[in-house]
Amino acid sequence: MMESRRYGVSVPIIYDVDLEKGIITMSYIKGDRIKDILNDLNEEERHRVCKKIGMSIAKFHNNDIIHGDITTSNMILSDDKIHFIDFGLGEKSTEIETKGVDLHVLMEAIESTHSKYSNCFNYVLEGYKEQLKQDPNLVIRKIEEIVKRGRYR
């Protein structure tokens, strides 16, 4: 999480880590979970917010940071910034597969929680493509492959 902040992604500030007690002390982010507000935004705002989400995810992936649980429940909108929380499943990976899975989790979250606005994932990909340093089509093709695998389990 601390590494994400260095790369320009908004995350809580870590004040202390007590490994013995398993306690992390971090800043509180006052705002609204994206899950709670996305359906109520007008189309222009929804597009803008989702594009910002994609740009932030690309910053993670540009630096081989995998969030591991990118859902609209793990993002907070505050001061016009998207803040990412809950890195419990996070890891470092250079693999296209892992980056594809990261985005696939968000795609499924949007489809299930915000099904009326499934175009939101296209807005996420718009921001992702704009910000990603490597060829974004590699990751997008991987997402398509993951979707196909899921259908034939």
# chains A, B, ... in the order shown; residues from 1 in each chain; ligands from 1
>>> select_by_dssp(residues="stretch 45-111 of chain A", states="helix (DSSP H, G or I)", output="PyMOL selection string")
chain A and resi 45-62+72-74+96-111
>>> write_last_selection(atoms="C-alpha atoms", output="PDB file, in the first residue's frame")
ATOM      1  CA  GLU A  45     -19.832  12.017 -13.693  1.00  0.00           C
ATOM      2  CA  ARG A  46     -19.929   8.212 -13.882  1.00  0.00           C
ATOM      3  CA  HIS A  47     -17.719   8.344 -16.980  1.00  0.00           C
ATOM      4  CA  ARG A  48     -15.251  10.702 -15.291  1.00  0.00           C
ATOM      5  CA  VAL A  49     -15.065   8.661 -12.066  1.00  0.00           C
ATOM      6  CA  CYS A  50     -14.687   5.327 -13.856  1.00  0.00           C
ATOM      7  CA  LYS A  51     -11.994   6.703 -16.144  1.00  0.00           C
ATOM      8  CA  LYS A  52     -10.085   7.907 -13.051  1.00  0.00           C
ATOM      9  CA  ILE A  53     -10.419   4.415 -11.571  1.00  0.00           C
ATOM     10  CA  GLY A  54      -8.876   2.933 -14.719  1.00  0.00           C
ATOM     11  CA  MET A  55      -6.023   5.423 -14.682  1.00  0.00           C
ATOM     12  CA  SER A  56      -5.252   4.550 -11.054  1.00  0.00           C
ATOM     13  CA  ILE A  57      -5.318   0.812 -11.756  1.00  0.00           C
ATOM     14  CA  ALA A  58      -2.879   1.400 -14.623  1.00  0.00           C
ATOM     15  CA  LYS A  59      -0.541   3.164 -12.169  1.00  0.00           C
ATOM     16  CA  PHE A  60      -0.663   0.045  -9.987  1.00  0.00           C
ATOM     17  CA  HIS A  61       0.018  -2.222 -12.940  1.00  0.00           C
ATOM     18  CA  ASN A  62       2.758   0.009 -14.387  1.00  0.00           C
ATOM     19  CA  THR A  72     -16.298  -0.654  -5.922  1.00  0.00           C
ATOM     20  CA  SER A  73     -16.495  -1.467  -2.188  1.00  0.00           C
ATOM     21  CA  ASN A  74     -12.728  -0.954  -1.924  1.00  0.00           C
ATOM     22  CA  ILE A  96      -0.192 -10.240 -17.627  1.00  0.00           C
ATOM     23  CA  GLU A  97      -2.463 -12.985 -16.240  1.00  0.00           C
ATOM     24  CA  THR A  98      -2.424 -11.463 -12.747  1.00  0.00           C
ATOM     25  CA  LYS A  99      -3.139  -7.983 -14.088  1.00  0.00           C
ATOM     26  CA  GLY A 100      -5.975  -9.410 -16.169  1.00  0.00           C
ATOM     27  CA  VAL A 101      -7.442 -11.137 -13.118  1.00  0.00           C
ATOM     28  CA  ASP A 102      -7.184  -7.869 -11.166  1.00  0.00           C
ATOM     29  CA  LEU A 103      -9.306  -6.085 -13.783  1.00  0.00           C
ATOM     30  CA  HIS A 104     -11.623  -9.069 -14.246  1.00  0.00           C
ATOM     31  CA  VAL A 105     -12.545  -8.876 -10.553  1.00  0.00           C
ATOM     32  CA  LEU A 106     -13.610  -5.261 -11.074  1.00  0.00           C
ATOM     33  CA  MET A 107     -15.513  -6.148 -14.242  1.00  0.00           C
ATOM     34  CA  GLU A 108     -17.509  -8.775 -12.351  1.00  0.00           C
ATOM     35  CA  ALA A 109     -18.116  -6.400  -9.432  1.00  0.00           C
ATOM     36  CA  ILE A 110     -19.498  -3.762 -11.786  1.00  0.00           C
ATOM     37  CA  GLU A 111     -21.668  -6.305 -13.608  1.00  0.00           C
TER      38      GLU A 111
END
>>> residues_around(residues="stretch 81-92 of chain A", least_positions_apart="3", cutoff="9 Å", atoms="only C-alpha atoms", output="PyMOL selection string")
chain A and resi 1+9-12+29+34+49+52-53+56+63-70+73-78
>>> write_last_selection(atoms="N, CA and C atoms", output="tab-separated table (two decimals), in the first residue's frame")
chain	number	residue	atom	x	y	z
A	1	MET	N	0.82	-1.19	0.00
A	1	MET	CA	0.00	0.00	0.00
A	1	MET	C	0.88	1.26	0.00
A	9	VAL	N	-0.95	6.83	-6.58
A	9	VAL	CA	-2.28	6.29	-6.32
A	9	VAL	C	-2.68	6.69	-4.90
A	10	SER	N	-3.88	7.18	-4.74
A	10	SER	CA	-4.35	7.61	-3.42
A	10	SER	C	-4.75	6.40	-2.58
A	11	VAL	N	-4.07	6.25	-1.48
A	11	VAL	CA	-4.32	5.18	-0.51
A	11	VAL	C	-4.19	5.78	0.88
A	12	PRO	N	-4.72	5.11	1.92
A	12	PRO	CA	-4.54	5.64	3.27
A	12	PRO	C	-3.05	5.75	3.64
A	29	ILE	N	-10.14	7.85	5.75
A	29	ILE	CA	-10.52	8.62	4.57
A	29	ILE	C	-12.02	8.86	4.62
A	34	ILE	N	-17.41	4.05	-3.64
A	34	ILE	CA	-17.89	4.08	-5.01
A	34	ILE	C	-19.12	3.19	-5.16
A	49	VAL	N	-15.52	9.44	-13.23
A	49	VAL	CA	-15.07	8.66	-12.07
A	49	VAL	C	-14.48	7.32	-12.51
A	52	LYS	N	-11.11	7.70	-14.09
A	52	LYS	CA	-10.09	7.91	-13.05
A	52	LYS	C	-9.70	6.58	-12.39
A	53	ILE	N	-10.69	5.73	-12.16
A	53	ILE	CA	-10.42	4.42	-11.57
A	53	ILE	C	-9.46	3.65	-12.48
A	56	SER	N	-5.92	4.96	-12.30
A	56	SER	CA	-5.25	4.55	-11.05
A	56	SER	C	-4.82	3.09	-11.11
A	63	ASN	N	3.61	-0.47	-12.18
A	63	ASN	CA	4.63	-0.74	-11.17
A	63	ASN	C	4.50	-2.14	-10.58
A	64	ASP	N	3.81	-3.01	-11.32
A	64	ASP	CA	3.65	-4.43	-10.96
A	64	ASP	C	2.97	-4.64	-9.61
A	65	ILE	N	2.11	-3.70	-9.23
A	65	ILE	CA	1.32	-3.82	-8.00
A	65	ILE	C	-0.05	-4.37	-8.38
A	66	ILE	N	-0.42	-5.46	-7.73
A	66	ILE	CA	-1.72	-6.08	-7.95
A	66	ILE	C	-2.53	-5.86	-6.68
A	67	HIS	N	-3.67	-5.21	-6.81
A	67	HIS	CA	-4.52	-4.94	-5.65
A	67	HIS	C	-5.10	-6.23	-5.09
A	68	GLY	N	-5.61	-7.07	-5.97
A	68	GLY	CA	-6.11	-8.38	-5.56
A	68	GLY	C	-7.60	-8.42	-5.25
A	69	ASP	N	-8.21	-7.27	-4.99
A	69	ASP	CA	-9.64	-7.24	-4.68
A	69	ASP	C	-10.23	-5.90	-5.10
A	70	ILE	N	-10.03	-5.57	-6.37
A	70	ILE	CA	-10.53	-4.29	-6.87
A	70	ILE	C	-12.03	-4.41	-7.09
A	73	SER	N	-16.46	-1.57	-3.66
A	73	SER	CA	-16.49	-1.47	-2.19
A	73	SER	C	-15.14	-1.05	-1.63
A	74	ASN	N	-14.08	-1.25	-2.39
A	74	ASN	CA	-12.73	-0.95	-1.92
A	74	ASN	C	-12.16	0.33	-2.52
A	75	MET	N	-13.06	1.24	-2.89
A	75	MET	CA	-12.67	2.55	-3.40
A	75	MET	C	-13.54	3.60	-2.73
A	76	ILE	N	-12.91	4.69	-2.35
A	76	ILE	CA	-13.63	5.79	-1.71
A	76	ILE	C	-13.40	7.06	-2.53
A	77	LEU	N	-14.47	7.77	-2.82
A	77	LEU	CA	-14.37	9.06	-3.50
A	77	LEU	C	-14.36	10.15	-2.44
A	78	SER	N	-13.28	10.91	-2.43
A	78	SER	CA	-13.13	12.00	-1.47
A	78	SER	C	-12.30	13.10	-2.12
>>> select_by_dssp(residues="chain A", states="strand (DSSP E)", output="list of chain:residue names")
A:Ile14, A:Tyr15, A:Asp16, A:Val17, A:Asp18, A:Ile23, A:Ile24, A:Thr25, A:Met26, A:Asp32, A:Arg33, A:Ile65, A:Ile66, A:Met75, A:Ile76, A:Leu77, A:Ser78, A:Lys81, A:Ile82, A:His83, A:Phe84, A:Glu91, A:Lys92
>>> residues_around(residues="A:Tyr15", least_positions_apart="4", cutoff="10 Å", atoms="only C-alpha atoms", output="ChimeraX atom specification")
/A:24-27
>>> write_last_selection(atoms="C-alpha atoms", output="mmCIF file, in the first residue's frame")
data_model
loop_
_atom_site.group_PDB
_atom_site.id
_atom_site.type_symbol
_atom_site.label_atom_id
_atom_site.label_comp_id
_atom_site.auth_asym_id
_atom_site.auth_seq_id
_atom_site.Cartn_x
_atom_site.Cartn_y
_atom_site.Cartn_z
ATOM 1 C CA ILE A 24 -1.857 -1.438 11.164
ATOM 2 C CA THR A 25 -2.623 2.158 12.114
ATOM 3 C CA MET A 26 -3.598 4.264 9.119
ATOM 4 C CA SER A 27 -5.405 7.440 8.177
#
>>> closest_residue(among="A:Asp16, A:Glu95, A:Asp32, A:Asp40", to="A:Tyr117", atoms="only C-alpha atoms")
A:Asp40
>>> atom_distance(atom1="atom CA of A:Asp79", atom2="atom CA of A:Gly31")
7.9 Å
>>> closest_residue(among="A:Asp135, A:Glu144, A:Asp36, A:Glu44", to="A:Thr113", atoms="only C-alpha atoms")
A:Asp36
>>> atom_distance(atom1="atom CA of A:Met2", atom2="atom CA of A:Ile14")
7.0 Å
>>> atom_distance(atom1="atom CA of A:Phe121", atom2="atom CA of A:Lys142")
15.1 Å
>>> closest_residue(among="A:Ile140, A:Asp80, A:Arg5, A:Ser112", to="A:Val124", atoms="only C-alpha atoms")
A:Ile140
